[in-house]
Amino acid sequence: MQWDDARIFLAVAREGSFSNAAKRLGVQHSTVSRRIHALEKKLAAPLVERKASGYVLTEAGEELRQSACRIEKELLSFEGLVGGQAEDVAGELRVTAIANMASTVLMPYFARFSAAYPMIELSIQVTNNSVRLSEREADVAIRQTNKPLETLIGTRLTTVASAAYGARGYCAAVKSGKAAEKWIGVDCCEYHRTWTKQAWLHADHEFHVDETSLTLAAMKEGLGVGFLPCFLGDSDPELARFHEPEKQHELGLWLLYHYDLRNTKRVVLFRQHMQREIRQAAALFEGTAPGLPQPSGPGQILVHDRPWRQGWRGR
């Protein structure tokens, strides 16, 4: 067997369809179908069966999946070891980040990293969904969470504060009693959805959005108030804080990766670079930038910068 055949089969086993596997691998649907059928012919055994819900593995397919996973794990472990020894840092580094961060506050940091290490091919992937780092869908994930997965390691870069924002004129009109208070219904993430329900007990919304950039655009049109991370809300001169940040609306900003990549030079350099960049801009993320109201008392924002896994000394 060729490893490339096993790699394609693993993608089908994980994605549940030829089309999704092709998308993940960056190849044509026909290529995946042809390679799987050729592999089945070579092994003289069916590996997948088509059901109404998608493809499922046969008994032989499950055996091959387990074997291929073991081989993949060994290869990734070897790659991490060799990558950590390289003197000339080069190669691809795939980073997944949240959409509203990647295209705004993080992009200058990415640009400076590329300028500092031109031999590293930096690939930015935008997704708000979970990414299987153990299967190398990406090398590094930048995520907002207070509960990182225990199977990953990484560093908490800073604390991201959120507050309720609205158009300046609209906020002033509501507070003076000249306009009715309205909240935008948001479905961009579980955090903002939950916080909106807690802040607006009426649970009625005239306008709904499912992405943070849409929330911001709707606010500017005076369609209501809603939650935004402070690094977005405070950076837009057309917006004003409707409510100040609260402790319960804080999230940790984590840089996460798989244990096998902890000493890989590309990952180490990227981690150190992001730590330096975000440390210098901590006030923007915490919502305490100069000229802005400073939270106090129960809502005071604290900064933590430590590895997620206890006892790890990779910083």
# chains A, B, ... in the order shown; residues from 1 in each chain; ligands from 1

$ residues_around --residues "segment 175-188 of chain A" --least-positions-apart "6" --cutoff "10 Å" --atoms "only C-alpha atoms" --output "tab-separated table (two decimals) with N, CA and C atoms, in the first residue's frame"
chain	number	residue	atom	x	y	z
A	128	ASN	N	-14.86	29.43	12.74
A	128	ASN	CA	-15.28	29.55	14.13
A	128	ASN	C	-15.55	28.18	14.74
A	164	ALA	N	-21.57	45.77	25.49
A	164	ALA	CA	-22.71	46.07	24.62
A	164	ALA	C	-22.45	47.41	23.92
A	165	TYR	N	-22.62	47.43	22.60
A	165	TYR	CA	-22.36	48.63	21.80
A	165	TYR	C	-23.58	48.98	20.96
A	166	GLY	N	-23.57	50.21	20.46
A	166	GLY	CA	-24.58	50.67	19.53
A	166	GLY	C	-24.07	51.93	18.85
A	194	THR	N	-25.94	33.62	24.21
A	194	THR	CA	-26.32	33.46	25.62
A	194	THR	C	-26.34	34.80	26.34
A	195	TRP	N	-25.31	35.61	26.12
A	195	TRP	CA	-25.24	36.90	26.79
A	195	TRP	C	-26.40	37.81	26.38
A	196	THR	N	-26.80	37.75	25.12
A	196	THR	CA	-27.92	38.56	24.65
A	196	THR	C	-29.21	38.15	25.33
A	197	LYS	N	-29.43	36.85	25.48
A	197	LYS	CA	-30.63	36.36	26.17
A	197	LYS	C	-30.66	36.83	27.62
A	199	ALA	N	-29.15	39.55	28.81
A	199	ALA	CA	-29.26	41.01	28.89
A	199	ALA	C	-30.63	41.52	28.45
A	200	TRP	N	-31.27	40.82	27.51
A	200	TRP	CA	-32.54	41.27	26.95
A	200	TRP	C	-33.60	40.20	27.23
A	202	HIS	N	-36.71	40.29	27.29
A	202	HIS	CA	-37.92	40.29	26.45
A	202	HIS	C	-37.82	39.24	25.34
A	203	ALA	N	-36.60	38.93	24.95
A	203	ALA	CA	-36.33	37.89	23.93
A	203	ALA	C	-36.99	38.18	22.58
A	204	ASP	N	-37.33	39.45	22.32
A	204	ASP	CA	-37.89	39.79	21.02
A	204	ASP	C	-36.88	40.64	20.25
A	205	HIS	N	-36.72	40.36	18.97
A	205	HIS	CA	-35.75	41.05	18.14
A	205	HIS	C	-36.39	41.38	16.79
A	206	GLU	N	-36.20	42.60	16.35
A	206	GLU	CA	-36.69	42.99	15.04
A	206	GLU	C	-35.70	42.65	13.94
A	207	PHE	N	-34.45	42.40	14.34
A	207	PHE	CA	-33.39	42.17	13.36
A	207	PHE	C	-32.44	41.10	13.89
A	208	HIS	N	-32.07	40.15	13.02
A	208	HIS	CA	-31.19	39.05	13.42
A	208	HIS	C	-29.98	38.99	12.51
A	209	VAL	N	-28.83	38.58	13.06
A	209	VAL	CA	-27.61	38.39	12.27
A	209	VAL	C	-26.91	37.13	12.77
A	210	ASP	N	-26.00	36.58	11.93
A	210	ASP	CA	-25.31	35.37	12.34
A	210	ASP	C	-23.79	35.49	12.21
A	211	GLU	N	-23.30	36.74	12.13
A	211	GLU	CA	-21.86	36.92	12.01
A	211	GLU	C	-21.50	38.27	12.62
A	212	THR	N	-20.33	38.34	13.25
A	212	THR	CA	-19.95	39.53	14.01
A	212	THR	C	-19.87	40.78	13.15
A	213	SER	N	-19.35	40.65	11.93
A	213	SER	CA	-19.26	41.83	11.07
A	213	SER	C	-20.64	42.37	10.73
A	214	LEU	N	-21.65	41.47	10.65
A	214	LEU	CA	-23.02	41.91	10.41
A	214	LEU	C	-23.59	42.62	11.63
A	215	THR	N	-23.23	42.12	12.82
A	215	THR	CA	-23.67	42.80	14.05
A	215	THR	C	-23.17	44.23	14.06
A	218	ALA	N	-25.01	46.35	11.48
A	218	ALA	CA	-26.39	46.63	11.90
A	218	ALA	C	-26.42	47.72	12.96
A	219	MET	N	-25.47	47.69	13.87
A	219	MET	CA	-25.39	48.73	14.90
A	219	MET	C	-25.20	50.10	14.27
A	222	GLY	N	-28.20	51.87	13.26
A	222	GLY	CA	-29.15	52.20	14.32
A	222	GLY	C	-30.22	51.15	14.55
A	223	LEU	N	-29.91	49.88	14.21
A	223	LEU	CA	-30.91	48.82	14.34
A	223	LEU	C	-30.98	48.25	15.75
A	224	GLY	N	-30.14	48.71	16.64
A	224	GLY	CA	-30.19	48.25	18.02
A	224	GLY	C	-28.80	48.13	18.60
A	225	VAL	N	-28.75	47.55	19.79
A	225	VAL	CA	-27.48	47.33	20.48
A	225	VAL	C	-27.20	45.84	20.54
A	226	GLY	N	-25.98	45.51	20.86
A	226	GLY	CA	-25.60	44.10	20.97
A	226	GLY	C	-24.18	43.98	21.47
A	227	PHE	N	-23.76	42.75	21.66
A	227	PHE	CA	-22.42	42.49	22.19
A	227	PHE	C	-21.39	42.43	21.06
A	242	PHE	N	-22.78	50.84	25.16
A	242	PHE	CA	-24.11	50.96	25.76
A	242	PHE	C	-24.06	50.46	27.20

$ select_by_dssp --residues "segment 15-107 of chain A" --states "strand (DSSP E)" --output "PDB file with N, CA and C atoms, in the first residue's frame"
ATOM      1  N   VAL A  48     -15.837   0.832   2.251  1.00  0.00           N
ATOM      2  CA  VAL A  48     -16.920   1.743   2.623  1.00  0.00           C
ATOM      3  C   VAL A  48     -18.226   1.261   1.998  1.00  0.00           C
ATOM      4  N   GLU A  49     -19.299   1.578   2.676  1.00  0.00           N
ATOM      5  CA  GLU A  49     -20.633   1.295   2.151  1.00  0.00           C
ATOM      6  C   GLU A  49     -21.416   2.590   2.113  1.00  0.00           C
ATOM      7  N   ARG A  50     -22.207   2.769   1.071  1.00  0.00           N
ATOM      8  CA  ARG A  50     -22.995   3.998   0.958  1.00  0.00           C
ATOM      9  C   ARG A  50     -24.340   3.804   1.638  1.00  0.00           C
ATOM     10  N   LYS A  51     -24.646   4.698   2.582  1.00  0.00           N
ATOM     11  CA  LYS A  51     -25.928   4.716   3.269  1.00  0.00           C
ATOM     12  C   LYS A  51     -26.630   6.035   2.969  1.00  0.00           C
ATOM     13  N   GLY A  54     -24.691   8.873   4.325  1.00  0.00           N
ATOM     14  CA  GLY A  54     -23.324   9.032   3.836  1.00  0.00           C
ATOM     15  C   GLY A  54     -22.611   7.694   3.800  1.00  0.00           C
ATOM     16  N   TYR A  55     -21.294   7.752   3.712  1.00  0.00           N
ATOM     17  CA  TYR A  55     -20.513   6.524   3.671  1.00  0.00           C
ATOM     18  C   TYR A  55     -20.181   6.051   5.082  1.00  0.00           C
ATOM     19  N   VAL A  56     -20.262   4.743   5.298  1.00  0.00           N
ATOM     20  CA  VAL A  56     -19.867   4.134   6.573  1.00  0.00           C
ATOM     21  C   VAL A  56     -18.813   3.080   6.279  1.00  0.00           C
ATOM     22  N   LEU A  57     -17.973   2.806   7.261  1.00  0.00           N
ATOM     23  CA  LEU A  57     -16.884   1.854   7.077  1.00  0.00           C
ATOM     24  C   LEU A  57     -17.376   0.424   7.250  1.00  0.00           C
ATOM     25  N   GLY A  91       9.086  26.011   5.519  1.00  0.00           N
ATOM     26  CA  GLY A  91       7.960  25.089   5.452  1.00  0.00           C
ATOM     27  C   GLY A  91       6.641  25.800   5.690  1.00  0.00           C
ATOM     28  N   GLU A  92       5.569  25.026   5.638  1.00  0.00           N
ATOM     29  CA  GLU A  92       4.225  25.581   5.786  1.00  0.00           C
ATOM     30  C   GLU A  92       3.799  25.605   7.245  1.00  0.00           C
ATOM     31  N   LEU A  93       3.107  26.665   7.628  1.00  0.00           N
ATOM     32  CA  LEU A  93       2.508  26.770   8.953  1.00  0.00           C
ATOM     33  C   LEU A  93       1.053  27.168   8.773  1.00  0.00           C
ATOM     34  N   ARG A  94       0.149  26.257   9.109  1.00  0.00           N
ATOM     35  CA  ARG A  94      -1.281  26.502   8.925  1.00  0.00           C
ATOM     36  C   ARG A  94      -1.892  26.959  10.247  1.00  0.00           C
ATOM     37  N   VAL A  95      -2.452  28.140  10.230  1.00  0.00           N
ATOM     38  CA  VAL A  95      -3.038  28.746  11.432  1.00  0.00           C
ATOM     39  C   VAL A  95      -4.522  28.972  11.199  1.00  0.00           C
ATOM     40  N   THR A  96      -5.348  28.503  12.112  1.00  0.00           N
ATOM     41  CA  THR A  96      -6.777  28.777  12.036  1.00  0.00           C
ATOM     42  C   THR A  96      -7.138  29.792  13.111  1.00  0.00           C
ATOM     43  N   ALA A  97      -7.900  30.792  12.711  1.00  0.00           N
ATOM     44  CA  ALA A  97      -8.276  31.864  13.633  1.00  0.00           C
ATOM     45  C   ALA A  97      -9.735  32.235  13.409  1.00  0.00           C
TER      46      ALA A  97
END

$ closest_residue --among "A:Thr104, A:Thr288, A:Gln144, A:Thr155" --to "Glu190 of chain A" --atoms "only C-alpha atoms"
A:Gln144

$ atom_distance --atom1 "atom CA of Leu228 of chain A" --atom2 "atom CA of Ser162 of chain A"
5.5 Å

$ residues_around --residues "Met119 of chain A" --least-positions-apart "2" --cutoff "9 Å" --atoms "only C-alpha atoms" --output "list of chain:residue names"
A:Asp88, A:Val89, A:Ala90, A:Gly91, A:Glu92, A:Ser114, A:Tyr117, A:Glu121

$ write_last_selection --atoms "N, CA and C atoms" --output "compact mmCIF listing (two decimals), in the first residue's frame"
# COMPACT_ATOMS: atom_id res chain seq x y z
N ASP A 88 17.62 26.17 9.54
CA ASP A 88 16.97 27.13 8.65
C ASP A 88 15.46 26.86 8.69
N VAL A 89 14.72 27.77 9.30
CA VAL A 89 13.30 27.56 9.49
C VAL A 89 12.57 27.81 8.19
N ALA A 90 11.88 26.79 7.70
CA ALA A 90 11.13 26.89 6.45
C ALA A 90 9.98 25.90 6.51
N GLY A 91 9.09 26.01 5.52
CA GLY A 91 7.96 25.09 5.45
C GLY A 91 6.64 25.80 5.69
N GLU A 92 5.57 25.03 5.64
CA GLU A 92 4.22 25.58 5.79
C GLU A 92 3.80 25.60 7.24
N SER A 114 5.29 37.12 8.76
CA SER A 114 5.71 36.73 7.41
C SER A 114 6.94 37.53 6.97
N TYR A 117 9.98 36.09 8.87
CA TYR A 117 10.37 34.71 8.51
C TYR A 117 9.85 34.38 7.10
N GLU A 121 5.94 29.50 5.03
CA GLU A 121 4.73 29.76 4.24
C GLU A 121 3.53 29.78 5.19
